[in-house]
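So this one's target_31.cif, mmCIF, C-alpha atoms:
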```
data_coords
#
loop_
_atom_site.label_atom_id
_atom_site.label_comp_id
_atom_site.auth_asym_id
_atom_site.auth_seq_id
_atom_site.Cartn_x
_atom_site.Cartn_y
_atom_site.Cartn_z
CA MET C 1 37.43 -12.14 -92.35
CA THR C 2 34.39 -9.99 -93.08
CA ARG C 3 35.28 -6.56 -94.37
CA THR C 4 33.57 -3.63 -92.65
CA ALA C 5 33.42 0.14 -93.10
CA ALA C 6 36.51 2.14 -92.26
CA ALA C 7 36.75 3.68 -88.81
CA ARG C 8 36.52 7.18 -90.30
CA ALA C 9 33.00 6.35 -91.50
CA ASP C 10 31.81 5.91 -87.92
CA ILE C 11 30.33 9.39 -87.67
CA ALA C 12 26.98 10.54 -86.38
CA PRO C 13 24.07 10.69 -88.80
CA PHE C 14 22.59 13.99 -89.89
CA TYR C 15 19.36 13.54 -87.91
CA VAL C 16 17.37 16.16 -89.82
CA MET C 17 17.54 13.89 -92.86
CA GLU C 18 16.00 11.11 -90.77
CA VAL C 19 13.24 13.47 -89.67
CA MET C 20 12.61 14.34 -93.32
CA ARG C 21 12.36 10.64 -94.13
CA ALA C 22 9.91 10.02 -91.26
CA ALA C 23 7.81 12.97 -92.45
CA GLU C 24 7.76 11.56 -95.99
CA LEU C 25 6.60 8.17 -94.70
CA ALA C 26 3.84 9.86 -92.68
CA GLU C 27 2.69 11.73 -95.78
CA ALA C 28 2.78 8.52 -97.83
CA SER C 29 0.40 6.95 -95.32
CA GLY C 30 -2.05 9.83 -95.78
CA ALA C 31 -1.08 12.23 -92.98
CA GLU C 32 -0.87 15.97 -93.57
CA VAL C 33 2.57 17.13 -92.42
CA LEU C 34 3.67 20.71 -91.84
CA HIS C 35 7.39 20.88 -92.60
CA LEU C 36 9.31 22.97 -90.09
CA GLU C 37 12.28 20.62 -90.15
CA VAL C 38 13.73 21.42 -93.57
CA GLY C 39 16.46 24.05 -93.76
CA GLN C 40 15.81 25.06 -97.33
CA PRO C 41 13.69 27.65 -99.14
CA CYS C 42 10.36 26.45 -100.54
CA THR C 43 10.82 28.75 -103.54
CA PRO C 44 12.61 27.92 -106.81
CA ALA C 45 15.76 29.58 -108.05
CA PRO C 46 15.31 33.16 -109.26
CA ALA C 47 13.78 33.52 -112.71
CA GLY C 48 16.98 34.97 -114.15
CA VAL C 49 18.95 31.92 -113.01
CA ILE C 50 16.47 29.54 -114.63
CA ALA C 51 16.55 31.53 -117.88
CA ALA C 52 20.35 31.51 -117.92
CA ALA C 53 20.37 27.76 -117.30
CA HIS C 54 18.00 27.23 -120.23
CA ARG C 55 20.41 29.16 -122.45
CA GLY C 56 23.19 26.93 -121.20
CA LEU C 57 21.22 23.81 -122.06
CA ASP C 58 20.54 25.14 -125.54
CA HIS C 59 23.95 26.52 -126.43
CA ASP C 60 26.68 25.12 -124.17
CA VAL C 61 28.28 21.68 -124.41
CA LEU C 62 28.29 21.52 -120.58
CA GLY C 63 31.74 20.04 -120.32
CA TYR C 64 34.09 20.24 -117.38
CA THR C 65 35.18 23.64 -116.14
CA THR C 66 38.49 24.23 -114.40
CA ALA C 67 38.56 23.18 -110.75
CA ALA C 68 38.14 26.80 -109.62
CA GLY C 69 35.11 27.35 -111.85
CA ILE C 70 34.29 29.60 -114.78
CA GLU C 71 35.92 33.01 -114.74
CA PRO C 72 32.74 35.08 -115.38
CA LEU C 73 31.14 33.66 -112.22
CA ARG C 74 34.27 34.10 -110.12
CA ARG C 75 34.45 37.72 -111.27
CA ARG C 76 30.79 38.24 -110.45
CA ILE C 77 31.27 36.84 -106.95
CA ALA C 78 34.27 39.13 -106.44
CA ARG C 79 32.10 42.07 -107.47
CA HIS C 80 29.46 40.91 -105.00
CA TYR C 81 31.97 41.38 -102.17
CA ALA C 82 32.66 44.91 -103.33
CA ASP C 83 28.95 45.69 -103.64
CA TRP C 84 27.82 44.19 -100.33
CA TYR C 85 30.81 44.62 -98.05
CA GLY C 86 33.12 47.16 -99.66
CA VAL C 87 35.83 44.48 -99.77
CA ASP C 88 38.23 43.84 -102.65
CA VAL C 89 38.44 40.15 -103.54
CA ASP C 90 40.68 38.80 -106.28
CA PRO C 91 38.59 36.56 -108.58
CA ASP C 92 41.47 34.10 -108.47
CA ALA C 93 40.87 33.74 -104.71
CA VAL C 94 37.37 32.42 -105.43
CA MET C 95 36.75 28.72 -106.00
CA LEU C 96 33.37 27.23 -106.93
CA THR C 97 32.52 24.03 -105.06
CA VAL C 98 29.87 21.32 -104.95
CA GLY C 99 27.71 23.16 -102.45
CA ALA C 100 29.07 24.68 -99.27
CA SER C 101 29.60 21.08 -98.14
CA GLY C 102 32.30 20.65 -100.77
CA ALA C 103 33.86 23.94 -99.70
CA PHE C 104 34.14 22.80 -96.09
CA VAL C 105 35.77 19.50 -97.00
CA ALA C 106 38.27 21.20 -99.30
CA ALA C 107 39.07 23.88 -96.72
CA PHE C 108 39.47 21.37 -93.89
CA MET C 109 41.75 19.15 -95.96
CA ALA C 110 43.89 22.08 -97.05
CA ALA C 111 44.19 23.79 -93.66
CA PHE C 112 44.35 20.95 -91.12
CA ASP C 113 46.32 17.76 -90.58
CA PRO C 114 45.06 14.67 -88.74
CA GLY C 115 45.38 15.31 -85.03
CA ASP C 116 45.00 19.08 -85.30
CA ARG C 117 42.61 20.63 -82.78
CA VAL C 118 39.73 22.58 -84.33
CA VAL C 119 37.10 24.42 -82.32
CA VAL C 120 33.45 23.89 -83.21
CA PRO C 121 30.89 25.74 -81.06
CA SER C 122 27.78 23.98 -79.82
CA PRO C 123 25.05 24.34 -80.85
CA GLY C 124 26.29 24.40 -84.43
CA TYR C 125 25.92 22.81 -87.83
CA PRO C 126 26.64 19.09 -87.33
CA CYS C 127 28.42 18.50 -90.62
CA TYR C 128 31.36 20.68 -89.48
CA ARG C 129 32.01 18.23 -86.67
CA ASN C 130 31.29 15.09 -88.66
CA ALA C 131 33.51 16.05 -91.60
CA LEU C 132 36.38 16.98 -89.29
CA VAL C 133 36.08 13.69 -87.42
CA ALA C 134 36.06 11.72 -90.68
CA LEU C 135 39.31 13.48 -91.63
CA GLY C 136 41.00 12.50 -88.36
CA ILE C 137 40.91 16.01 -86.93
CA ASP C 138 40.22 16.48 -83.21
CA VAL C 139 37.06 18.50 -82.58
CA VAL C 140 37.25 20.82 -79.59
CA ASP C 141 33.74 21.56 -78.41
CA VAL C 142 32.90 24.91 -76.84
CA THR C 143 29.44 25.13 -75.32
CA THR C 144 27.67 28.43 -75.85
CA THR C 145 24.54 29.66 -74.10
CA ILE C 146 21.86 32.26 -74.53
CA GLU C 147 23.93 34.58 -72.30
CA THR C 148 26.49 34.84 -75.13
CA ARG C 149 23.77 34.72 -77.78
CA PHE C 150 24.87 31.16 -78.62
CA GLN C 151 28.14 32.46 -80.07
CA PRO C 152 31.62 31.94 -78.59
CA THR C 153 33.56 34.72 -76.90
CA VAL C 154 37.28 35.42 -76.84
CA GLU C 155 37.28 34.45 -73.16
CA MET C 156 35.83 31.04 -74.03
CA LEU C 157 38.49 30.51 -76.67
CA ASP C 158 41.27 31.53 -74.27
CA ALA C 159 40.21 28.73 -71.93
CA LEU C 160 40.67 25.98 -74.54
CA GLY C 161 44.45 25.87 -74.73
CA PRO C 162 46.35 25.68 -78.03
CA VAL C 163 44.15 25.06 -81.07
CA ASP C 164 44.71 25.07 -84.83
CA GLY C 165 41.36 26.23 -86.18
CA LEU C 166 37.92 27.64 -85.48
CA VAL C 167 34.80 26.96 -87.56
CA LEU C 168 32.01 29.42 -86.95
CA GLY C 169 28.66 30.18 -88.61
CA SER C 170 27.19 33.68 -88.53
CA PRO C 171 24.20 33.76 -88.88
CA SER C 172 24.21 30.37 -87.22
CA ASN C 173 22.42 27.18 -88.01
CA PRO C 174 20.53 26.27 -85.77
CA THR C 175 20.21 29.37 -83.58
CA GLY C 176 20.00 32.18 -86.14
CA THR C 177 22.28 34.32 -83.97
CA MET C 178 25.15 36.23 -85.52
CA LEU C 179 28.25 38.19 -84.64
CA ASP C 180 28.06 41.93 -85.11
CA ALA C 181 31.06 43.72 -86.60
CA ARG C 182 32.73 44.31 -83.23
CA ARG C 183 32.47 40.69 -82.06
CA MET C 184 33.50 39.38 -85.48
CA ALA C 185 36.56 41.66 -85.41
CA ASP C 186 37.44 40.40 -81.91
CA ILE C 187 37.19 36.75 -82.96
CA VAL C 188 39.22 37.31 -86.13
CA GLU C 189 41.90 39.20 -84.20
CA TRP C 190 42.08 36.40 -81.63
CA CYS C 191 42.61 33.86 -84.43
CA ARG C 192 45.30 36.00 -86.05
CA ARG C 193 47.11 36.57 -82.74
CA HIS C 194 47.14 32.83 -81.95
CA ASP C 195 47.95 31.66 -85.51
CA VAL C 196 44.60 29.89 -85.80
CA TRP C 197 42.81 29.30 -89.11
CA PHE C 198 39.38 30.93 -89.03
CA VAL C 199 36.77 29.20 -91.23
CA SER C 200 33.79 31.53 -91.54
CA ASP C 201 30.49 29.98 -92.62
CA GLU C 202 28.54 32.81 -94.28
CA ILE C 203 25.91 30.85 -96.21
CA TYR C 204 23.01 32.71 -94.58
CA HIS C 205 24.29 36.15 -95.49
CA GLY C 206 21.51 38.21 -97.02
CA ILE C 207 18.93 36.67 -94.68
CA THR C 208 19.00 38.98 -91.67
CA TYR C 209 16.34 40.90 -89.77
CA GLY C 210 18.27 43.94 -88.59
CA ASP C 211 21.85 44.82 -89.37
CA ALA C 212 23.57 43.06 -92.25
CA ALA C 213 26.05 40.32 -91.37
CA PRO C 214 29.73 41.26 -91.69
CA THR C 215 32.11 39.03 -93.63
CA ALA C 216 35.32 37.86 -92.02
CA ARG C 217 37.17 39.20 -95.07
CA GLN C 218 36.46 42.70 -93.81
CA PHE C 219 38.88 42.00 -90.97
CA ASP C 220 41.44 39.51 -92.29
CA VAL C 221 42.46 38.54 -95.82
CA ASP C 222 43.63 35.19 -94.43
CA ALA C 223 40.17 34.19 -93.19
CA ILE C 224 38.72 31.20 -95.04
CA VAL C 225 35.22 32.18 -96.15
CA VAL C 226 32.54 29.69 -97.19
CA ASN C 227 29.35 30.77 -98.91
CA SER C 228 26.70 29.21 -101.09
CA LEU C 229 23.95 29.84 -103.61
CA SER C 230 21.63 27.59 -101.58
CA LYS C 231 19.95 29.80 -99.00
CA TYR C 232 19.60 33.49 -99.95
CA PHE C 233 19.52 32.62 -103.65
CA SER C 234 17.13 29.67 -103.13
CA MET C 235 19.30 27.19 -105.08
CA THR C 236 19.81 24.22 -102.74
CA GLY C 237 19.49 21.48 -105.36
CA TRP C 238 21.83 23.23 -107.77
CA ARG C 239 24.67 22.22 -105.44
CA LEU C 240 26.88 25.24 -105.84
CA GLY C 241 28.95 26.95 -103.18
CA TRP C 242 32.17 28.90 -103.11
CA LEU C 243 35.32 29.48 -101.12
CA VAL C 244 37.22 32.72 -100.75
CA MET C 245 40.73 31.44 -100.11
CA PRO C 246 43.82 32.95 -98.51
CA ASP C 247 46.76 33.15 -100.92
CA SER C 248 48.65 30.48 -98.97
CA LEU C 249 45.91 27.89 -99.53
CA ARG C 250 45.00 28.51 -103.17
CA ASP C 251 47.22 25.85 -104.71
CA ALA C 252 46.33 23.24 -102.10
CA VAL C 253 42.59 23.82 -102.39
CA THR C 254 42.80 23.75 -106.18
CA ARG C 255 44.63 20.40 -106.17
CA ILE C 256 42.11 18.97 -103.75
CA GLY C 257 39.25 20.14 -105.95
CA GLN C 258 40.86 18.71 -109.08
CA ASN C 259 41.15 15.29 -107.48
CA LEU C 260 37.97 15.04 -105.43
CA THR C 261 35.33 16.60 -107.68
CA ILE C 262 37.12 17.83 -110.85
CA ALA C 263 34.74 20.82 -110.90
CA ALA C 264 31.41 22.11 -109.64
CA PRO C 265 28.36 21.48 -111.90
CA THR C 266 28.74 23.47 -115.11
CA LEU C 267 25.04 24.14 -115.67
CA SER C 268 24.71 25.50 -112.13
CA GLN C 269 27.65 27.80 -112.70
CA LEU C 270 26.18 29.17 -115.91
CA GLY C 271 22.88 29.86 -114.19
CA ALA C 272 24.46 31.36 -111.09
CA ILE C 273 26.03 34.29 -112.93
CA ALA C 274 22.52 35.74 -113.19
CA ALA C 275 21.75 35.19 -109.49
CA PHE C 276 23.56 38.34 -108.42
CA ASP C 277 21.22 40.45 -110.53
CA CYS C 278 18.11 38.91 -108.92
CA HIS C 279 18.21 40.61 -105.53
CA GLU C 280 14.66 41.96 -105.82
CA GLU C 281 13.28 38.44 -106.04
CA CYS C 282 15.59 37.19 -103.28
CA GLN C 283 14.65 40.07 -100.99
CA ALA C 284 10.98 39.22 -101.48
CA ASN C 285 11.80 35.80 -100.04
CA VAL C 286 13.50 37.45 -97.06
CA VAL C 287 10.34 39.49 -96.45
CA ARG C 288 8.37 36.23 -96.31
CA TYR C 289 10.91 34.71 -93.92
CA ALA C 290 10.54 37.77 -91.71
CA ARG C 291 6.77 37.29 -91.54
CA ASN C 292 7.18 33.61 -90.72
CA ARG C 293 9.78 34.45 -88.09
CA GLN C 294 7.37 36.82 -86.40
CA LEU C 295 4.61 34.20 -86.45
CA LEU C 296 6.87 31.87 -84.48
CA LEU C 297 8.24 34.52 -82.13
CA ASP C 298 4.66 35.51 -81.29
CA GLY C 299 3.07 32.06 -81.42
CA LEU C 300 5.57 29.71 -79.79
CA PRO C 301 5.33 31.38 -76.35
CA ARG C 302 1.58 30.81 -76.49
CA ALA C 303 2.39 27.12 -77.01
CA GLY C 304 4.56 27.12 -73.90
CA LEU C 305 7.82 27.62 -75.78
CA ASP C 306 9.15 30.94 -74.53
CA ARG C 307 12.86 30.18 -74.16
CA LEU C 308 13.97 31.18 -77.64
CA ALA C 309 17.32 32.20 -79.10
CA PRO C 310 17.41 35.68 -80.64
CA ALA C 311 16.93 34.91 -84.34
CA ASP C 312 19.10 37.60 -85.96
CA GLY C 313 19.30 35.86 -89.32
CA ALA C 314 18.87 32.61 -91.27
CA PHE C 315 15.43 30.99 -91.02
CA TYR C 316 15.47 29.09 -87.74
CA ILE C 317 14.11 29.37 -84.21
CA TRP C 318 16.09 27.52 -81.52
CA ALA C 319 13.74 26.69 -78.66
CA GLN C 320 14.39 25.11 -75.27
CA THR C 321 11.88 22.30 -74.79
CA ASP C 322 12.98 20.17 -71.83
CA HIS C 323 10.17 21.55 -69.68
CA LEU C 324 7.76 19.72 -72.02
CA LEU C 325 9.70 16.47 -72.37
CA PRO C 326 13.31 15.77 -71.37
CA ASP C 327 14.22 14.23 -74.76
CA SER C 328 13.70 16.36 -77.87
CA GLN C 329 13.85 13.31 -80.16
CA GLU C 330 10.87 11.83 -78.34
CA LEU C 331 9.14 15.21 -78.41
CA CYS C 332 9.65 15.66 -82.16
CA GLY C 333 8.47 12.10 -82.75
CA ARG C 334 5.27 12.76 -80.84
CA TRP C 335 4.64 16.06 -82.62
CA LEU C 336 5.00 14.32 -85.97
CA ASP C 337 2.79 11.37 -85.00
CA GLU C 338 0.12 13.26 -83.06
CA ILE C 339 -0.24 16.66 -84.76
CA GLY C 340 1.65 16.35 -88.04
CA VAL C 341 4.31 18.95 -87.24
CA ALA C 342 7.85 18.04 -88.30
CA ALA C 343 10.66 19.76 -86.38
CA THR C 344 14.30 18.85 -85.81
CA PRO C 345 15.57 17.58 -82.43
CA GLY C 346 18.51 19.57 -81.15
CA ILE C 347 20.78 16.52 -80.76
CA ASP C 348 21.81 17.14 -84.37
CA PHE C 349 23.43 20.42 -83.39
CA ASP C 350 24.63 19.88 -79.83
CA PRO C 351 25.75 16.40 -78.71
CA GLN C 352 25.77 17.42 -75.04
CA ASN C 353 22.68 19.58 -74.54
CA GLY C 354 20.73 19.15 -77.75
CA HIS C 355 18.21 16.82 -76.13
CA ARG C 356 16.88 19.95 -74.41
CA PHE C 357 16.24 21.92 -77.62
CA VAL C 358 14.32 21.83 -80.91
CA ARG C 359 15.02 23.71 -84.13
CA PHE C 360 12.10 25.09 -86.10
CA SER C 361 12.66 26.15 -89.71
CA PHE C 362 10.49 28.97 -91.02
CA ALA C 363 11.66 28.75 -94.62
CA GLY C 364 8.37 27.29 -95.80
CA ALA C 365 4.96 28.66 -96.69
CA GLN C 366 3.40 31.22 -94.35
CA ALA C 367 0.15 29.25 -94.09
CA ASP C 368 2.05 26.16 -92.93
CA VAL C 369 3.94 28.08 -90.25
CA ALA C 370 0.73 29.68 -89.01
CA GLN C 371 -1.07 26.32 -88.86
CA ALA C 372 1.88 24.69 -87.09
CA VAL C 373 1.67 27.32 -84.35
CA VAL C 374 -2.02 26.51 -83.85
CA ARG C 375 -1.35 22.77 -83.63
CA LEU C 376 1.52 23.25 -81.18
CA ARG C 377 -0.62 25.55 -79.03
CA ASP C 378 -3.36 22.95 -78.81
CA TRP C 379 -1.03 20.02 -78.07
CA THR C 380 -0.45 18.78 -74.55
CA PRO C 381 2.42 16.48 -73.39
#
```
How does the structure come out when it is put into structure tokens?
Amino acid sequence: MTRTAAARADIAPFYVMEVMRAAELAEASGAEVLHLEVGQPCTPAPAGVIAAAHRGLDHDVLGYTTAAGIEPLRRRIARHYADWYGVDVDPDAVMLTVGASGAFVAAFMAAFDPGDRVVVPSPGYPCYRNALVALGIDVVDVTTTIETRFQPTVEMLDALGPVDGLVLGSPSNPTGTMLDARRMADIVEWCRRHDVWFVSDEIYHGITYGDAAPTARQFDVDAIVVNSLSKYFSMTGWRLGWLVMPDSLRDAVTRIGQNLTIAAPTLSQLGAIAAFDCHEECQANVVRYARNRQLLLDGLPRAGLDRLAPADGAFYIWAQTDHLLPDSQELCGRWLDEIGVAATPGIDFDPQNGHRFVRFSFAGAQADVAQAVVRLRDWTP
């Protein structure tokens, strides 16, 4: 008998990583590639974070922390909720994780059993779905459209029958749309009324282009909130996220963390304490994202891409592309090969309709975004 991978490993790939690899190979062969596929800032961590990490390297033994993370950082995150949202958060409800990815896995394992039904809107971040499937949890897809700003409504949820959880990003990856306070309150109330765990992905908070994004904790202390240092704080490679946990899940999440990861990276934690005093630098990044966003909102229609999601936050434009080619994977492959523009096919984010869409990231340099618009404008199918 030849041993093979377990059935739970039979999950879809994260296609954006394959696009990144194809772009790297193109660059290695001498092509100039404009990267609009990568969902990460092109800037380093704030200067204060780097300085704090240097002090940690010089003066700390960098041993394990507790599974929840160091107390000074948990207290600083709790203060962040008071400063930004006017919400009281107990530092003991905060747990540091290995990126937001680690937070999702811990939350899913603590809140759901195999066979539970958990709603994941499409389009949405693919790793929600893939992690749930790997854990034996049934994913209930709800298809959203531009008419609902690519966010679910209470009426959509009512039509699904009994469910155990809802995972929702606001601002969303890939669409950039977000729930305002009224719609967030409606969704949270629906979850509370139906005894449904609400997992709120808030990793793009701070990156908005109008009103600030509300946190689910403003409406329900039992909401499971996931956030990260990766996006607003420009710390993707530091691999540090956090959970704000309901009281009833604290012990379970802590035990899961102890056994799966022991603790989040100590050096990252020491640096991250300073991140919350670096808002001026982070806001300068948001100003750059706003300029890049406008370049795409103005330039993509001139390239024949005028069916765009309203990009309220994050750093993505979600564009309908099936009038150019019916398959967005083929389209993105041709753009990369023919004009050196790397973008992400929508199949990553929507298994049913993603072939009709492409996600553009505008987290990179302004000159690259501007040049990409020119190349897309001059390209013909």
**Report entry** Pick from C:Ala264, C:Met95, C:Ala370, C:Ala309 nearest to Thr144 in chain C, counting all atoms listed in the file
**Finding:**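 Of C:Ala264, C:Met95, C:Ala370, C:Ala309, the one nearest Thr144 in chain C is C:Ala309, counting all atoms listed in the file.
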**Report entry** Matched chain/residue IDs from the PyMOL selection byres ((chain C and resi 133-139) around 10), as a PyMOL selection string
**Finding:** chain C and resi 6-12+105+108-109+112-121+127-132+140-142+163-166
Taking all atoms listed in the file into account, produce a table as a tab-separated table in which each residue of range 42-140 of chain C with an atom at most 7 Å from an atom of range 217-233 of chain C appears once, together with its shortest atom pair and the distance in Å to one decimal, ordered by chain and rising number.
```
residue	atom	partner	partner_atom	distance
C:Ala45	CA	C:Phe233	CA	6.5
C:Val87	CA	C:Gln218	CA	6.3
C:Gly99	CA	C:Ser228	CA	6.3
C:Ala100	CA	C:Ser228	CA	5.4
C:Ala103	CA	C:Val226	CA	6.4
```
Output for the residues just chosen: C-alpha atoms as a PDB file, in the frame of the given file:
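Heads up, here's the output in again24.pdb:
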```
ATOM      1  CA  ALA C  45      15.760  29.580-108.050  1.00  0.00           C
ATOM      2  CA  VAL C  87      35.830  44.480 -99.770  1.00  0.00           C
ATOM      3  CA  GLY C  99      27.710  23.160-102.450  1.00  0.00           C
ATOM      4  CA  ALA C 100      29.070  24.680 -99.270  1.00  0.00           C
ATOM      5  CA  ALA C 103      33.860  23.940 -99.700  1.00  0.00           C
TER       6      ALA C 103
END
```
Report task. Using all atoms listed in the file, determine which residues lie at most 10 Å from Arg255 in chain C, disregarding the query and same-chain residues fewer than 3 positions distant; provide the list as a list in words. Result -> Ala67, Ala68, Ala106, Ala110, Arg250, Asp251, Ala252, Gln258, Asn259, Leu260 and Ile262 of chain C
Mind dumping the selected residues with C-alpha atoms as an mmCIF file, in the frame of the given file?
```
data_model
loop_
_atom_site.group_PDB
_atom_site.id
_atom_site.type_symbol
_atom_site.label_atom_id
_atom_site.label_comp_id
_atom_site.auth_asym_id
_atom_site.auth_seq_id
_atom_site.Cartn_x
_atom_site.Cartn_y
_atom_site.Cartn_z
ATOM 1 C CA ALA C 67 38.560 23.180 -110.750
ATOM 2 C CA ALA C 68 38.140 26.800 -109.620
ATOM 3 C CA ALA C 106 38.270 21.200 -99.300
ATOM 4 C CA ALA C 110 43.890 22.080 -97.050
ATOM 5 C CA ARG C 250 45.000 28.510 -103.170
ATOM 6 C CA ASP C 251 47.220 25.850 -104.710
ATOM 7 C CA ALA C 252 46.330 23.240 -102.100
ATOM 8 C CA GLN C 258 40.860 18.710 -109.080
ATOM 9 C CA ASN C 259 41.150 15.290 -107.480
ATOM 10 C CA LEU C 260 37.970 15.040 -105.430
ATOM 11 C CA ILE C 262 37.120 17.830 -110.850
#
```
Expected selection from the PyMOL selection byres ((chain C and resi 47) around 10), given as a compact mmCIF listing (two decimals) with C-alpha atoms, in the coordinates of the input:
```
# COMPACT_ATOMS: atom_id res chain seq x y z
CA PRO C 44 12.61 27.92 -106.81
CA ALA C 45 15.76 29.58 -108.05
CA PRO C 46 15.31 33.16 -109.26
CA GLY C 48 16.98 34.97 -114.15
CA VAL C 49 18.95 31.92 -113.01
CA ILE C 50 16.47 29.54 -114.63
CA ALA C 51 16.55 31.53 -117.88
CA ALA C 52 20.35 31.51 -117.92
CA ALA C 53 20.37 27.76 -117.30
CA GLY C 271 22.88 29.86 -114.19
CA ALA C 274 22.52 35.74 -113.19
CA ALA C 275 21.75 35.19 -109.49
CA CYS C 278 18.11 38.91 -108.92
CA GLU C 281 13.28 38.44 -106.04
```
Requested in this report: Give me the result of the PyMOL selection byres ((chain C and resi 179) around 9) on this file, residue by residue, as a count of residues only.
Outcome: 14
